Amino acid sequence: MRPLPRCVRSVRTALMTMLVALASLATLVTTAGPAQADTLICDQFGSTTIQGRYVVQNNRWGTSATQCVNATATGFELTRADGSVPTNGAPKSYPSIYNGCHYTNCSPGTNLPKQVSTISSAPSSISYGYVSNAVYNASYDIWLDPTPKTDGVSRTEIMIWFNRVGPIQPIGSKTGTASVGGRTWDVWTGSNGSNDVISFIAPSAIAGWSFDVMDFVDQTVARGMAQPSWYITSVQAGFEPWQNGAGLRVDSFSSTINSGSTDPGDPGDPGTPAACKVTYATNVWPGGFTANVTVANTGSAPVNGWKVAFTLPSGQSVTNAWNATIAPSSGAVTASNTSSNAQIAPNGSQSFGFQGTYTGTFTKPTQFSLNAAACTVA
């Protein structure tokens, strides 16, 4: 056989080298598995599932301008947010991620809707990425309804504003402050015409936080804007933009709804819901008072860890307490057990007390709840 010309041998050698390289690349791709591509959503109400358990939604409802979100492996980014709306009205959208049900679109494996009185804790965490060239809030939306609703608008909306940029304000008016989850919040209440809204506004931006959603639900129940018999229908987190917003991100999100009792030594979590009766005895003098509160378990099961929620009448404030920790000092307050009195046996009771000040005419609270279950008042 005649030898191949040198130029042909060179081409053949180059081709063989290329084929070996392609074979190696194919092996590498097969071994590594398929790449996880992001999902771009520009449809007005388009959505997708991430982490196998949460829904990311574009949710553009207040404008006809283009908006797109890029769903990532752990969250999403608002990649396009055209147009603007007046800052004294509603926002243009709520791009968000959620656990639960939103207009019949329920996240995979969710146990929502779930009755408030059966929830022991609802831990959630989030990490936000902010921009400065936009008007928006970064907020949670927690929806509550008297029925296990999976479609339409629920009765009460809890908003938690982690950040506020620009001349915007929550629905309604400011009605006080509250200490929730170890942080102080401005509290706004009102209605948007279709549902009641209670908003907790952080005084400065929070970039990330892990907390118990039930702490905010308990405050809402104590203020009479929901009942223990109601249902949480969804836990959502995202942004409400009024102007621009491209670049806003949720880098990570988690939401879990737990049932049953909690650690009786942890006063930060509600314990087992139970039938209960509260006796509220006071000693009053001009400008001051003491209150002794007895909580009786009228159910058949022990209560392991307790929280008693009630609202102090206007003008009243707690100055010190015993046999419980009470926070905040005024308005809708919650008394939590100490490590030595966490259990209330069936037909048994626990007592705690506090001293306070008042202005105007002295009156007593009218409603009490034990671990989010309403109590009768003796």
# chains A, B, ... in the order shown; residues from 1 in each chain; ligands from 1

call {"tool": "residues_around", "arguments": {"residues": "stretch 134-145 of chain A", "least_positions_apart": "4", "cutoff": "6 Å", "atoms": "only C-alpha atoms", "output": "tab-separated table (two decimals) with C-alpha atoms, in the first residue's frame"}}
result
chain	number	residue	atom	x	y	z
A	154	SER	CA	-59.06	34.92	51.36
A	155	ARG	CA	-60.67	37.01	54.10
A	156	THR	CA	-57.59	38.43	55.87
A	157	GLU	CA	-54.14	39.23	54.51
A	158	ILE	CA	-51.08	39.51	56.76
A	159	MET	CA	-48.25	41.49	55.16
A	160	ILE	CA	-44.72	41.58	56.58
A	161	TRP	CA	-42.70	44.38	54.98
A	162	PHE	CA	-38.99	43.51	55.14
A	163	ASN	CA	-38.04	46.59	53.12
A	164	ARG	CA	-39.70	49.74	51.79
A	165	VAL	CA	-38.11	51.92	49.09
A	166	GLY	CA	-39.82	55.12	47.91
A	230	TRP	CA	-59.78	29.85	60.46
A	231	TYR	CA	-57.33	28.39	57.94
A	232	ILE	CA	-53.94	29.49	56.61
A	233	THR	CA	-54.33	29.11	52.84
A	234	SER	CA	-50.87	30.20	51.68
A	235	VAL	CA	-47.51	31.63	52.76
A	236	GLN	CA	-46.03	33.82	50.02
A	237	ALA	CA	-42.93	36.00	49.72
A	238	GLY	CA	-41.82	38.41	47.03
A	239	PHE	CA	-42.01	42.04	45.92
A	240	GLU	CA	-44.66	44.67	45.22
A	241	PRO	CA	-43.09	47.08	42.68
A	242	TRP	CA	-44.61	50.46	41.76
A	243	GLN	CA	-41.77	51.71	39.56
A	244	ASN	CA	-39.13	49.58	37.79
A	245	GLY	CA	-37.80	46.68	39.90

call {"tool": "select_by_dssp", "arguments": {"residues": "stretch 174-239 of chain A", "states": "helix (DSSP H, G or I)", "output": "VMD selection string"}}
result
chain A and resid 213 to 222

call {"tool": "closest_residue", "arguments": {"among": "A:Lys277, A:Lys364, A:Lys92, A:Lys307", "to": "A:Asn347", "atoms": "only C-alpha atoms"}}
result
A:Lys277

call {"tool": "atom_distance", "arguments": {"atom1": "atom CA of A:Cys276", "atom2": "atom CA of A:Ser120"}}
result
17.0 Å

call {"tool": "residues_around", "arguments": {"residues": "stretch 102-118 of chain A", "least_positions_apart": "3", "cutoff": "8 Å", "atoms": "only C-alpha atoms", "output": "NGL selection string"}}
result
:A and (49 or 52-55 or 98-99 or 148-153 or 227-234 or 257 or 259-260 or 273 or 371-373)

call {"tool": "residues_around", "arguments": {"residues": "A:Gln219", "least_positions_apart": "4", "cutoff": "8 Å", "atoms": "only C-alpha atoms", "output": "PyMOL selection string"}}
result
chain A and resi 215+223+309+332-333

call {"tool": "write_last_selection", "arguments": {"atoms": "C-alpha atoms", "output": "mmCIF file, in the first residue's frame"}}
result
data_model
loop_
_atom_site.group_PDB
_atom_site.id
_atom_site.type_symbol
_atom_site.label_atom_id
_atom_site.label_comp_id
_atom_site.auth_asym_id
_atom_site.auth_seq_id
_atom_site.Cartn_x
_atom_site.Cartn_y
_atom_site.Cartn_z
ATOM 1 C CA ASP A 215 -46.007 34.638 65.733
ATOM 2 C CA ARG A 223 -56.370 41.817 67.335
ATOM 3 C CA ALA A 309 -52.880 36.183 73.913
ATOM 4 C CA ALA A 332 -52.008 43.014 71.544
ATOM 5 C CA VAL A 333 -49.800 41.153 74.034
#

call {"tool": "residues_around", "arguments": {"residues": "A:Gly299", "least_positions_apart": "3", "cutoff": "12 Å", "atoms": "only C-alpha atoms", "output": "MDAnalysis selection string"}}
result
chainID A and resid 272:277 295:296 302:303 344:349 370 373 375

call {"tool": "atom_distance", "arguments": {"atom1": "atom CA of A:Ser314", "atom2": "atom CA of A:Ala327"}}
result
15.7 Å

call {"tool": "select_by_dssp", "arguments": {"residues": "stretch 17-181 of chain A", "states": "strand (DSSP E)", "output": "ChimeraX atom specification"}}
result
/A:39-41,47-50,54-57,67-71,76-81,96-102,105-106,114-115,119-121,123-129,135-145,156-165,173-180

call {"tool": "residues_around", "arguments": {"residues": "A:Arg183", "least_positions_apart": "6", "cutoff": "12 Å", "atoms": "only C-alpha atoms", "output": "PDB file with all heavy atoms, in the first residue's frame"}}
result
ATOM      1  N   ILE A 160     -45.926  41.297  55.801  1.00  0.00           N
ATOM      2  CA  ILE A 160     -44.721  41.584  56.584  1.00  0.00           C
ATOM      3  C   ILE A 160     -43.752  42.295  55.651  1.00  0.00           C
ATOM      4  O   ILE A 160     -43.182  41.668  54.752  1.00  0.00           O
ATOM      5  CB  ILE A 160     -44.087  40.300  57.153  1.00  0.00           C
ATOM      6  CG1 ILE A 160     -45.126  39.421  57.851  1.00  0.00           C
ATOM      7  CG2 ILE A 160     -42.971  40.651  58.122  1.00  0.00           C
ATOM      8  CD1 ILE A 160     -44.606  38.048  58.241  1.00  0.00           C
ATOM      9  N   PHE A 162     -40.406  43.594  54.781  1.00  0.00           N
ATOM     10  CA  PHE A 162     -38.993  43.508  55.135  1.00  0.00           C
ATOM     11  C   PHE A 162     -38.223  44.753  54.693  1.00  0.00           C
ATOM     12  O   PHE A 162     -37.191  45.081  55.274  1.00  0.00           O
ATOM     13  CB  PHE A 162     -38.356  42.278  54.479  1.00  0.00           C
ATOM     14  CG  PHE A 162     -38.627  40.976  55.182  1.00  0.00           C
ATOM     15  CD1 PHE A 162     -39.914  40.559  55.455  1.00  0.00           C
ATOM     16  CD2 PHE A 162     -37.586  40.141  55.559  1.00  0.00           C
ATOM     17  CE1 PHE A 162     -40.162  39.356  56.094  1.00  0.00           C
ATOM     18  CE2 PHE A 162     -37.813  38.938  56.205  1.00  0.00           C
ATOM     19  CZ  PHE A 162     -39.114  38.548  56.469  1.00  0.00           C
ATOM     20  N   THR A 177     -47.687  49.714  67.463  1.00  0.00           N
ATOM     21  CA  THR A 177     -46.465  48.951  67.242  1.00  0.00           C
ATOM     22  C   THR A 177     -46.614  47.591  67.895  1.00  0.00           C
ATOM     23  O   THR A 177     -47.504  47.376  68.726  1.00  0.00           O
ATOM     24  CB  THR A 177     -45.232  49.673  67.809  1.00  0.00           C
ATOM     25  OG1 THR A 177     -45.405  49.834  69.229  1.00  0.00           O
ATOM     26  CG2 THR A 177     -45.047  51.043  67.153  1.00  0.00           C
ATOM     27  N   PHE A 200     -47.209  44.512  59.021  1.00  0.00           N
ATOM     28  CA  PHE A 200     -46.133  44.705  59.983  1.00  0.00           C
ATOM     29  C   PHE A 200     -44.939  45.266  59.217  1.00  0.00           C
ATOM     30  O   PHE A 200     -44.391  44.602  58.336  1.00  0.00           O
ATOM     31  CB  PHE A 200     -45.775  43.381  60.659  1.00  0.00           C
ATOM     32  CG  PHE A 200     -46.897  42.766  61.461  1.00  0.00           C
ATOM     33  CD1 PHE A 200     -47.848  41.962  60.840  1.00  0.00           C
ATOM     34  CD2 PHE A 200     -47.012  43.017  62.819  1.00  0.00           C
ATOM     35  CE1 PHE A 200     -48.895  41.406  61.575  1.00  0.00           C
ATOM     36  CE2 PHE A 200     -48.056  42.459  63.562  1.00  0.00           C
ATOM     37  CZ  PHE A 200     -48.991  41.658  62.937  1.00  0.00           C
ATOM     38  N   ILE A 201     -44.529  46.501  59.563  1.00  0.00           N
ATOM     39  CA  ILE A 201     -43.541  47.227  58.779  1.00  0.00           C
ATOM     40  C   ILE A 201     -42.231  47.324  59.555  1.00  0.00           C
ATOM     41  O   ILE A 201     -42.196  47.875  60.662  1.00  0.00           O
ATOM     42  CB  ILE A 201     -44.032  48.645  58.428  1.00  0.00           C
ATOM     43  CG1 ILE A 201     -45.490  48.609  57.946  1.00  0.00           C
ATOM     44  CG2 ILE A 201     -43.109  49.276  57.402  1.00  0.00           C
ATOM     45  CD1 ILE A 201     -45.724  47.728  56.746  1.00  0.00           C
ATOM     46  N   ALA A 202     -41.153  46.798  58.992  1.00  0.00           N
ATOM     47  CA  ALA A 202     -39.838  46.899  59.626  1.00  0.00           C
ATOM     48  C   ALA A 202     -39.329  48.335  59.525  1.00  0.00           C
ATOM     49  O   ALA A 202     -39.449  48.961  58.468  1.00  0.00           O
ATOM     50  CB  ALA A 202     -38.854  45.946  58.958  1.00  0.00           C
ATOM     51  N   PRO A 203     -38.764  48.876  60.595  1.00  0.00           N
ATOM     52  CA  PRO A 203     -38.262  50.252  60.547  1.00  0.00           C
ATOM     53  C   PRO A 203     -37.041  50.419  59.657  1.00  0.00           C
ATOM     54  O   PRO A 203     -36.741  51.520  59.215  1.00  0.00           O
ATOM     55  CB  PRO A 203     -37.943  50.564  62.012  1.00  0.00           C
ATOM     56  CG  PRO A 203     -37.729  49.232  62.653  1.00  0.00           C
ATOM     57  CD  PRO A 203     -38.642  48.288  61.941  1.00  0.00           C
ATOM     58  N   SER A 204     -36.317  49.353  59.387  1.00  0.00           N
ATOM     59  CA  SER A 204     -35.179  49.389  58.468  1.00  0.00           C
ATOM     60  C   SER A 204     -35.128  48.054  57.729  1.00  0.00           C
ATOM     61  O   SER A 204     -35.733  47.064  58.153  1.00  0.00           O
ATOM     62  CB  SER A 204     -33.867  49.639  59.219  1.00  0.00           C
ATOM     63  OG  SER A 204     -33.639  48.633  60.191  1.00  0.00           O
ATOM     64  N   ILE A 206     -34.511  44.499  56.170  1.00  0.00           N
ATOM     65  CA  ILE A 206     -34.075  43.175  56.619  1.00  0.00           C
ATOM     66  C   ILE A 206     -33.717  42.377  55.371  1.00  0.00           C
ATOM     67  O   ILE A 206     -34.568  42.118  54.526  1.00  0.00           O
ATOM     68  CB  ILE A 206     -35.174  42.463  57.420  1.00  0.00           C
ATOM     69  CG1 ILE A 206     -35.601  43.297  58.630  1.00  0.00           C
ATOM     70  CG2 ILE A 206     -34.710  41.072  57.852  1.00  0.00           C
ATOM     71  CD1 ILE A 206     -36.837  42.748  59.338  1.00  0.00           C
ATOM     72  N   TRP A 209     -34.007  36.481  57.024  1.00  0.00           N
ATOM     73  CA  TRP A 209     -34.493  36.193  58.368  1.00  0.00           C
ATOM     74  C   TRP A 209     -35.114  34.804  58.379  1.00  0.00           C
ATOM     75  O   TRP A 209     -35.730  34.373  57.406  1.00  0.00           O
ATOM     76  CB  TRP A 209     -35.530  37.234  58.779  1.00  0.00           C
ATOM     77  CG  TRP A 209     -35.915  37.236  60.241  1.00  0.00           C
ATOM     78  CD1 TRP A 209     -35.119  36.917  61.295  1.00  0.00           C
ATOM     79  CD2 TRP A 209     -37.180  37.606  60.791  1.00  0.00           C
ATOM     80  NE1 TRP A 209     -35.808  37.069  62.476  1.00  0.00           N
ATOM     81  CE2 TRP A 209     -37.071  37.492  62.200  1.00  0.00           C
ATOM     82  CE3 TRP A 209     -38.384  38.034  60.241  1.00  0.00           C
ATOM     83  CZ2 TRP A 209     -38.137  37.773  63.056  1.00  0.00           C
ATOM     84  CZ3 TRP A 209     -39.435  38.318  61.086  1.00  0.00           C
ATOM     85  CH2 TRP A 209     -39.314  38.199  62.482  1.00  0.00           C
ATOM     86  N   PHE A 211     -37.849  32.767  60.861  1.00  0.00           N
ATOM     87  CA  PHE A 211     -38.819  33.130  61.896  1.00  0.00           C
ATOM     88  C   PHE A 211     -40.004  32.173  61.845  1.00  0.00           C
ATOM     89  O   PHE A 211     -40.098  31.306  60.966  1.00  0.00           O
ATOM     90  CB  PHE A 211     -39.302  34.571  61.689  1.00  0.00           C
ATOM     91  CG  PHE A 211     -40.081  34.792  60.416  1.00  0.00           C
ATOM     92  CD1 PHE A 211     -41.457  34.884  60.434  1.00  0.00           C
ATOM     93  CD2 PHE A 211     -39.430  34.903  59.184  1.00  0.00           C
ATOM     94  CE1 PHE A 211     -42.180  35.076  59.261  1.00  0.00           C
ATOM     95  CE2 PHE A 211     -40.145  35.104  58.010  1.00  0.00           C
ATOM     96  CZ  PHE A 211     -41.525  35.188  58.054  1.00  0.00           C
ATOM     97  N   ASP A 215     -46.111  33.467  64.866  1.00  0.00           N
ATOM     98  CA  ASP A 215     -46.007  34.638  65.733  1.00  0.00           C
ATOM     99  C   ASP A 215     -46.836  35.788  65.174  1.00  0.00           C
ATOM    100  O   ASP A 215     -47.466  36.544  65.929  1.00  0.00           O
ATOM    101  CB  ASP A 215     -44.546  35.057  65.884  1.00  0.00           C
ATOM    102  CG  ASP A 215     -43.742  34.087  66.738  1.00  0.00           C
ATOM    103  OD1 ASP A 215     -44.358  33.316  67.494  1.00  0.00           O
ATOM    104  OD2 ASP A 215     -42.504  34.089  66.639  1.00  0.00           O
ATOM    105  N   PHE A 216     -46.854  35.943  63.860  1.00  0.00           N
ATOM    106  CA  PHE A 216     -47.654  36.997  63.230  1.00  0.00           C
ATOM    107  C   PHE A 216     -49.132  36.606  63.176  1.00  0.00           C
ATOM    108  O   PHE A 216     -50.014  37.458  63.313  1.00  0.00           O
ATOM    109  CB  PHE A 216     -47.119  37.291  61.830  1.00  0.00           C
ATOM    110  CG  PHE A 216     -45.752  37.931  61.840  1.00  0.00           C
ATOM    111  CD1 PHE A 216     -44.604  37.165  61.793  1.00  0.00           C
ATOM    112  CD2 PHE A 216     -45.625  39.312  61.922  1.00  0.00           C
ATOM    113  CE1 PHE A 216     -43.343  37.750  61.806  1.00  0.00           C
ATOM    114  CE2 PHE A 216     -44.365  39.912  61.942  1.00  0.00           C
ATOM    115  CZ  PHE A 216     -43.225  39.131  61.893  1.00  0.00           C
ATOM    116  N   ALA A 327     -45.033  40.164  76.150  1.00  0.00           N
ATOM    117  CA  ALA A 327     -44.537  41.077  75.116  1.00  0.00           C
ATOM    118  C   ALA A 327     -45.630  41.276  74.069  1.00  0.00           C
ATOM    119  O   ALA A 327     -46.401  40.355  73.786  1.00  0.00           O
ATOM    120  CB  ALA A 327     -43.263  40.521  74.474  1.00  0.00           C
ATOM    121  N   PRO A 328     -45.726  42.498  73.487  1.00  0.00           N
ATOM    122  CA  PRO A 328     -45.046  43.725  73.911  1.00  0.00           C
ATOM    123  C   PRO A 328     -45.656  44.249  75.205  1.00  0.00           C
ATOM    124  O   PRO A 328     -46.412  43.521  75.859  1.00  0.00           O
ATOM    125  CB  PRO A 328     -45.271  44.659  72.731  1.00  0.00           C
ATOM    126  CG  PRO A 328     -46.586  44.221  72.184  1.00  0.00           C
ATOM    127  CD  PRO A 328     -46.615  42.724  72.335  1.00  0.00           C
TER     128      PRO A 328
END

call {"tool": "closest_residue", "arguments": {"among": "A:Ser329, A:Thr147, A:Gln67, A:Ser254", "to": "A:Gln316", "atoms": "only C-alpha atoms"}}
result
A:Ser329

call {"tool": "closest_residue", "arguments": {"among": "A:Thr334, A:Gln355, A:Thr294, A:Ser127", "to": "A:Ala178", "atoms": "only C-alpha atoms"}}
result
A:Thr334

call {"tool": "atom_distance", "arguments": {"atom1": "atom CA of A:Thr311", "atom2": "atom CA of A:Val221"}}
result
10.1 Å

call {"tool": "residues_around", "arguments": {"residues": "A:Trp188", "least_positions_apart": "2", "cutoff": "6 Å", "atoms": "only C-alpha atoms", "output": "list in words"}}
result
Ser173, Lys174, Thr175, Ile198 and Ser199 of chain A

call {"tool": "closest_residue", "arguments": {"among": "A:Phe310, A:Phe352, A:Tyr358, A:Phe76", "to": "A:Leu40", "atoms": "only C-alpha atoms"}}
result
A:Phe76
